[in-house]
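Right, one structure below, let's go through it.
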Amino acid sequence: MMFFKYVVIFLCGVYVNGFAQSTREAILDNIAQTGGVYYAYPVQEVIVTPVPEGYKPFYISHYARHGSRWIQSEQDYKMVLDIFEKAHQAGALTALGEDVRKRMAIVWEDAEGHGGDLTPLGVKQHRGIAERMFQNYPEVFRGNLSLSARSTVVLRCVLSMDAFCERLKELNPALRIKREACAKYMKYMNYHTPEAVRFVSHQEPWYKEYRKFKENHTHPDRMMTSLFANPDYICKHINPGELMWGLYWIASVMQNVEIGVSFYDIFEKDELFDLWQVCNYHNFVCDGPAPINNGIMTASAKPLLENILDSADEVIKSGNNTATLRFGHDGNIISLVALLQLGDMWKTETNPDKFYEAWCNFKVTPMAANVQMVFFRKEASEDIIVKFMHCEKEVNLPIETDIAPFYHWKDVEAYYRNLLNK
């Protein structure tokens, strides 16, 4: 029994101490990861550290990204489809190009009218997360309880909330879940400071360096000659870089739609790695903890953190068991994770060529990414303890504790209240 205890602590510690440094080989070992923010939620076996003796869960505070979706605009599919159809009519496609054209027809049949919508897989993801939450912490959801669920006003977030809540209701029909999606809560559910809005402008200094990085990591010539038989046709009718990026986004999103179509065969691994680095660069700088933004992006999560702290205090004072469920977007998860300083997902790096070694968008915010805070209390004790999870895995905080991966709430709240005042 003692051996088992240490094994559990060691295995949890691997994640609690943060992600290992990312390498090209590790990223390409699972090619779907090069989809970045389109990486479908990775469901893995989760090891749960036993709770200190006498403590029982009573409250879960949660913020999640919407589940898997189609590409934001259906025109991103149509643009690529039209290019291949016109080339087909001109007799300018190779055998591979013709095959890609046929695949694009299947993709378009599925995607038409669905720009930015939640996919069926996205529904499954949130149902699965809700079920595991219920099974792992049944005390929180026992009886005729009242829960709060709020989403941003974007439909895919509303439907993610609905899928999550419906699964909880199936597991306990007595639950009363108030679901809301309105402008009233957008001031913390999906907030961006005026400084953050200004920073992401293409007129700001960061963009010049980013544009050069993108140009240096976009190499479409090999791909174009594999798809189009006529070099003159490419010269006159194709924007190689634009098409390569269009195919990259479509290749990346296929893991979210379950229609059995893939485009990874038309890319070399180095090409995918390079394109993904560009996307990772943009997320790191425009949403995350990159030093070049001077903490501007992370500050956008402060209203959300304040809501998390205030909501927890209110529940603790009430003595009730409940959950607060929130559903938003990738940018919100990225800034929240960095502000909370979870694991090492708030690491910094100044060299763009090494951004991926310190920070990876697919680790921080895959589709349906979530942050869960589980609160525990003990009879005849005023001490409340809490543990934090990212994508259902325990993570550490930069706060001293004698019961890792659990933390005393008084220490956690004091630390984060101080962050809010900085």
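We label chains A, B, ... in the order they appear in the structure tokens, count residues from 1 in each chain, and number ligands from 1 in the order shown.
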
Note to self: as a PyMOL selection string, please: every residue in segment 195-275 of chain A that DSSP puts in alpha helix (DSSP H).
What the structure shows: chain A and resi 195-199+205-216+221-227+231-237+240-253+269-275

For the residues in that selection, give me N, CA and C atoms as a compact mmCIF listing (two decimals), in the first residue's frame.
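So the final result, stored in result.txt, reads:
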# COMPACT_ATOMS: atom_id res chain seq x y z
N GLU A 195 -6.12 48.10 -23.88
CA GLU A 195 -4.70 47.96 -24.19
C GLU A 195 -4.44 46.70 -25.01
N ALA A 196 -5.15 45.62 -24.67
CA ALA A 196 -5.00 44.36 -25.40
C ALA A 196 -5.52 44.49 -26.82
N VAL A 197 -6.64 45.16 -26.97
CA VAL A 197 -7.22 45.37 -28.30
C VAL A 197 -6.26 46.16 -29.18
N ARG A 198 -5.66 47.19 -28.61
CA ARG A 198 -4.71 47.99 -29.37
C ARG A 198 -3.46 47.19 -29.72
N PHE A 199 -3.01 46.37 -28.78
CA PHE A 199 -1.75 45.65 -28.98
C PHE A 199 -1.80 44.71 -30.18
N PRO A 205 4.33 47.33 -33.16
CA PRO A 205 5.70 46.87 -33.48
C PRO A 205 5.85 45.35 -33.58
N TRP A 206 5.12 44.57 -32.78
CA TRP A 206 5.30 43.12 -32.78
C TRP A 206 5.01 42.51 -34.15
N TYR A 207 4.08 43.14 -34.90
CA TYR A 207 3.59 42.50 -36.13
C TYR A 207 4.66 42.41 -37.22
N LYS A 208 5.54 43.38 -37.27
CA LYS A 208 6.58 43.37 -38.31
C LYS A 208 7.47 42.13 -38.17
N GLU A 209 7.88 41.85 -36.95
CA GLU A 209 8.72 40.67 -36.70
C GLU A 209 7.94 39.38 -36.96
N TYR A 210 6.68 39.37 -36.54
CA TYR A 210 5.83 38.20 -36.77
C TYR A 210 5.66 37.94 -38.27
N ARG A 211 5.43 38.99 -39.05
CA ARG A 211 5.23 38.83 -40.49
C ARG A 211 6.47 38.21 -41.14
N LYS A 212 7.64 38.66 -40.72
CA LYS A 212 8.89 38.10 -41.25
C LYS A 212 9.01 36.62 -40.87
N PHE A 213 8.64 36.30 -39.64
CA PHE A 213 8.69 34.91 -39.17
C PHE A 213 7.76 34.05 -40.02
N LYS A 214 6.57 34.55 -40.29
CA LYS A 214 5.61 33.81 -41.10
C LYS A 214 6.15 33.58 -42.51
N GLU A 215 6.71 34.61 -43.11
CA GLU A 215 7.27 34.46 -44.45
C GLU A 215 8.40 33.44 -44.48
N ASN A 216 9.23 33.45 -43.45
CA ASN A 216 10.38 32.55 -43.39
C ASN A 216 9.99 31.11 -43.09
N ASP A 221 6.41 25.85 -52.40
CA ASP A 221 6.76 25.43 -53.77
C ASP A 221 6.64 23.93 -53.98
N ARG A 222 7.17 23.13 -53.07
CA ARG A 222 7.10 21.68 -53.24
C ARG A 222 5.65 21.21 -53.33
N MET A 223 4.83 21.71 -52.42
CA MET A 223 3.43 21.32 -52.40
C MET A 223 2.73 21.70 -53.69
N MET A 224 2.98 22.91 -54.18
CA MET A 224 2.29 23.36 -55.40
C MET A 224 2.62 22.47 -56.59
N THR A 225 3.89 22.08 -56.73
CA THR A 225 4.25 21.23 -57.86
C THR A 225 3.71 19.82 -57.71
N SER A 226 3.39 19.41 -56.48
CA SER A 226 2.80 18.09 -56.29
C SER A 226 1.30 18.08 -56.61
N LEU A 227 0.68 19.26 -56.60
CA LEU A 227 -0.76 19.37 -56.82
C LEU A 227 -1.13 19.86 -58.22
N PRO A 231 3.32 24.48 -64.45
CA PRO A 231 3.96 25.60 -63.75
C PRO A 231 3.39 26.96 -64.17
N ASP A 232 3.03 27.09 -65.44
CA ASP A 232 2.47 28.36 -65.91
C ASP A 232 1.13 28.64 -65.22
N TYR A 233 0.36 27.57 -64.98
CA TYR A 233 -0.94 27.75 -64.32
C TYR A 233 -0.72 28.26 -62.88
N ILE A 234 0.27 27.70 -62.21
CA ILE A 234 0.58 28.15 -60.85
C ILE A 234 0.94 29.63 -60.87
N CYS A 235 1.79 30.00 -61.81
CA CYS A 235 2.26 31.39 -61.89
C CYS A 235 1.12 32.37 -62.15
N LYS A 236 0.17 31.97 -62.99
CA LYS A 236 -0.89 32.88 -63.41
C LYS A 236 -2.13 32.86 -62.50
N HIS A 237 -2.39 31.72 -61.86
CA HIS A 237 -3.69 31.57 -61.19
C HIS A 237 -3.63 31.23 -59.69
N PRO A 240 0.56 30.70 -54.05
CA PRO A 240 1.03 29.49 -53.35
C PRO A 240 0.96 29.57 -51.83
N GLY A 241 1.42 30.68 -51.26
CA GLY A 241 1.40 30.79 -49.80
C GLY A 241 -0.01 30.78 -49.25
N GLU A 242 -0.90 31.50 -49.89
CA GLU A 242 -2.29 31.57 -49.43
C GLU A 242 -2.96 30.20 -49.51
N LEU A 243 -2.70 29.45 -50.59
CA LEU A 243 -3.31 28.13 -50.72
C LEU A 243 -2.73 27.16 -49.70
N MET A 244 -1.43 27.23 -49.49
CA MET A 244 -0.82 26.34 -48.50
C MET A 244 -1.44 26.55 -47.12
N TRP A 245 -1.63 27.83 -46.76
CA TRP A 245 -2.24 28.12 -45.47
C TRP A 245 -3.69 27.65 -45.44
N GLY A 246 -4.41 27.82 -46.53
CA GLY A 246 -5.78 27.34 -46.56
C GLY A 246 -5.87 25.84 -46.36
N LEU A 247 -4.96 25.11 -47.00
CA LEU A 247 -4.93 23.65 -46.84
C LEU A 247 -4.48 23.25 -45.44
N TYR A 248 -3.59 24.04 -44.85
CA TYR A 248 -3.16 23.75 -43.48
C TYR A 248 -4.33 23.82 -42.51
N TRP A 249 -5.14 24.89 -42.62
CA TRP A 249 -6.27 25.03 -41.70
C TRP A 249 -7.27 23.90 -41.90
N ILE A 250 -7.51 23.53 -43.13
CA ILE A 250 -8.45 22.44 -43.39
C ILE A 250 -7.90 21.12 -42.88
N ALA A 251 -6.61 20.87 -43.12
CA ALA A 251 -5.99 19.65 -42.61
C ALA A 251 -6.08 19.58 -41.09
N SER A 252 -5.89 20.73 -40.44
CA SER A 252 -5.89 20.78 -38.98
C SER A 252 -7.27 20.52 -38.40
N VAL A 253 -8.31 21.02 -39.07
CA VAL A 253 -9.65 20.93 -38.51
C VAL A 253 -10.29 19.57 -38.72
N LYS A 269 6.41 16.66 -42.91
CA LYS A 269 6.35 16.99 -41.49
C LYS A 269 7.00 18.34 -41.17
N ASP A 270 8.09 18.64 -41.84
CA ASP A 270 8.74 19.93 -41.60
C ASP A 270 7.84 21.09 -41.99
N GLU A 271 7.05 20.91 -43.02
CA GLU A 271 6.12 21.97 -43.44
C GLU A 271 5.06 22.20 -42.39
N LEU A 272 4.50 21.12 -41.86
CA LEU A 272 3.49 21.25 -40.81
C LEU A 272 4.09 21.89 -39.56
N PHE A 273 5.29 21.46 -39.21
CA PHE A 273 5.93 22.01 -38.03
C PHE A 273 6.18 23.50 -38.18
N ASP A 274 6.62 23.92 -39.36
CA ASP A 274 6.87 25.34 -39.60
C ASP A 274 5.59 26.16 -39.53
N LEU A 275 4.52 25.68 -40.17
CA LEU A 275 3.25 26.41 -40.16
C LEU A 275 2.69 26.50 -38.75

Next item on the list: Write out as a VMD selection string the residues lying within 6 Å of segment 46-57 of chain A, counting only C-alpha atoms and excluding same-chain residues fewer than 4 positions away.
Entry: chain A and resid 375 to 378

Give me, as a Markdown table, the closest atom pair and its distance (Å, one decimal) for every residue of segment 185-251 of chain A within a cut-off of 9 Å of segment 304-320 of chain A, counting only C-alpha atoms, rows sorted by chain and rising number.
| residue | atom | partner | partner_atom | distance |
| --- | --- | --- | --- | --- |
| A:Lys187 | CA | A:Leu304 | CA | 8.4 |
| A:Tyr188 | CA | A:Leu304 | CA | 4.7 |
| A:Met189 | CA | A:Leu304 | CA | 6.3 |
| A:Asn190 | CA | A:Leu304 | CA | 8.3 |
| A:Tyr191 | CA | A:Leu304 | CA | 8.0 |

Next item on the list: Tell me which of A:Ile31, A:Val200, A:Leu397, A:Met367 sits closest to Ser160 of chain A, counting only C-alpha atoms.
Entry: A:Met367

Next item on the list: Would you mind writing down, as a PyMOL selection string, each residue of segment 68-150 of chain A that DSSP on the backbone assigns to strand (DSSP E or B)?
Entry: chain A and resi 69+93+118+146-150

Next item on the list: Quote the spacing between atom CA of Leu145 of chain A and atom CA of Ala174 of chain A in Å to one decimal place.
Entry: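 Between atom CA of Leu145 of chain A and atom CA of Ala174 of chain A the gap works out to 7.2 Å.
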
Next item on the list: Find the spatial neighbours of segment 39-43 of chain A, counting only C-alpha atoms, within a cut-off of 8 Å - ignore same-chain residues fewer than 2 positions away - and output them as a PyMOL selection string.
Entry: chain A and resi 32-37+45+67-68+125+252-253+255-256+362+366-369

Put those residues in a file: C-alpha atoms, as a short mmCIF file (atom, residue, chain, number, x, y, z; two decimals), in the first residue's frame.
data_model
loop_
_atom_site.label_atom_id
_atom_site.label_comp_id
_atom_site.auth_asym_id
_atom_site.auth_seq_id
_atom_site.Cartn_x
_atom_site.Cartn_y
_atom_site.Cartn_z
CA ALA A 32 -2.60 16.22 -34.88
CA GLN A 33 -0.86 18.51 -32.38
CA THR A 34 0.35 20.68 -35.25
CA GLY A 35 -3.28 21.78 -35.50
CA GLY A 36 -2.58 24.06 -32.53
CA VAL A 37 -5.88 25.49 -31.29
CA GLU A 45 -6.39 8.28 -18.25
CA GLY A 67 -15.73 22.05 -27.94
CA SER A 68 -14.53 21.12 -31.42
CA GLN A 125 -16.29 16.26 -25.56
CA SER A 252 -5.89 20.78 -38.98
CA VAL A 253 -9.65 20.93 -38.51
CA GLN A 255 -9.72 15.89 -36.48
CA ASN A 256 -12.76 17.79 -35.21
CA PHE A 362 -2.12 22.74 -28.30
CA PRO A 366 -7.03 22.31 -27.30
CA MET A 367 -10.71 22.22 -28.20
CA ALA A 368 -12.78 21.97 -24.98
CA ALA A 369 -9.77 22.91 -22.82
#

Checklist line | Contact residues around Gln72 of chain A with only C-alpha atoms at 12 Å, ignoring same-chain residues under 4 positions, as a PyMOL selection string | finding: chain A and resi 38+68+76-77+111-119+154+156+249-250+253

Check: A:Gln21, A:Asn293, A:Gln203, A:Asn172: which is nearest Phe134 of chain A, counting only C-alpha atoms?
Finding: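 With only C-alpha atoms as the atom set, the closest residue is A:Asn172.
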
Item checked: Shortest interatomic distance to Tyr281 of chain A - which of A:Thr193, A:Phe355, A:Asp330, A:Leu340, counting only C-alpha atoms -> A:Phe355

Notebook entry, point to check: Pick from A:Asp411, A:Asp110, A:Glu180, A:Asp287: nearest to Ala149 of chain A, with only C-alpha atoms counted?
Noted result: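 Distance minimum relative to Ala149 of chain A lands on A:Glu180.
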
Checklist line | Pick from A:Arg176, A:Arg132, A:Lys347, A:Lys410 nearest to Cys360 of chain A, counting only C-alpha atoms | finding: A:Lys347

Margin query: To one decimal place in Å, what is the distance between atom CA of Ser201 of chain A and atom CA of Val337 of chain A?
Written below: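 Atom CA of Val337 of chain A lies 23.1 Å from atom CA of Ser201 of chain A.
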
Checklist line | Contact residues around segment 90-101 of chain A with only C-alpha atoms at 6 Å, ignoring same-chain residues under 2 positions, as a ChimeraX atom specification | finding: /A:84,87-88,103-104,227-230

Those residues you just picked out, can you put them in a file as a PDB file, in the first residue's frame with C-alpha atoms?
ATOM      1  CA  PHE A  84      -9.182  22.997 -57.221  1.00  0.00           C
ATOM      2  CA  ALA A  87      -7.741  23.892 -61.973  1.00  0.00           C
ATOM      3  CA  HIS A  88      -9.620  20.673 -62.716  1.00  0.00           C
ATOM      4  CA  ARG A 103     -11.670  15.102 -50.812  1.00  0.00           C
ATOM      5  CA  MET A 104     -12.505  18.801 -50.759  1.00  0.00           C
ATOM      6  CA  LEU A 227      -0.764  19.369 -56.822  1.00  0.00           C
ATOM      7  CA  PHE A 228      -0.581  21.276 -60.095  1.00  0.00           C
ATOM      8  CA  ALA A 229       0.866  19.819 -63.297  1.00  0.00           C
ATOM      9  CA  ASN A 230       1.379  23.088 -65.117  1.00  0.00           C
TER      10      ASN A 230
END

Next item on the list: Give me the residues within 12 Å of Ile334 of chain A as a count of residues only, counting only C-alpha atoms and dropping any in the same chain fewer than 4 places off.
Entry: 41

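Between atom CA of Leu159 of chain A and atom CA of Leu325 of chain A lies a distance of 13.3 Å.
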
Next item on the list: Select, from A:Leu28, A:Met161, A:Leu121, A:Ile384, the residue with the minimum atom-to-atom distance to Glu258 of chain A, counting only C-alpha atoms.
Entry: A:Leu121
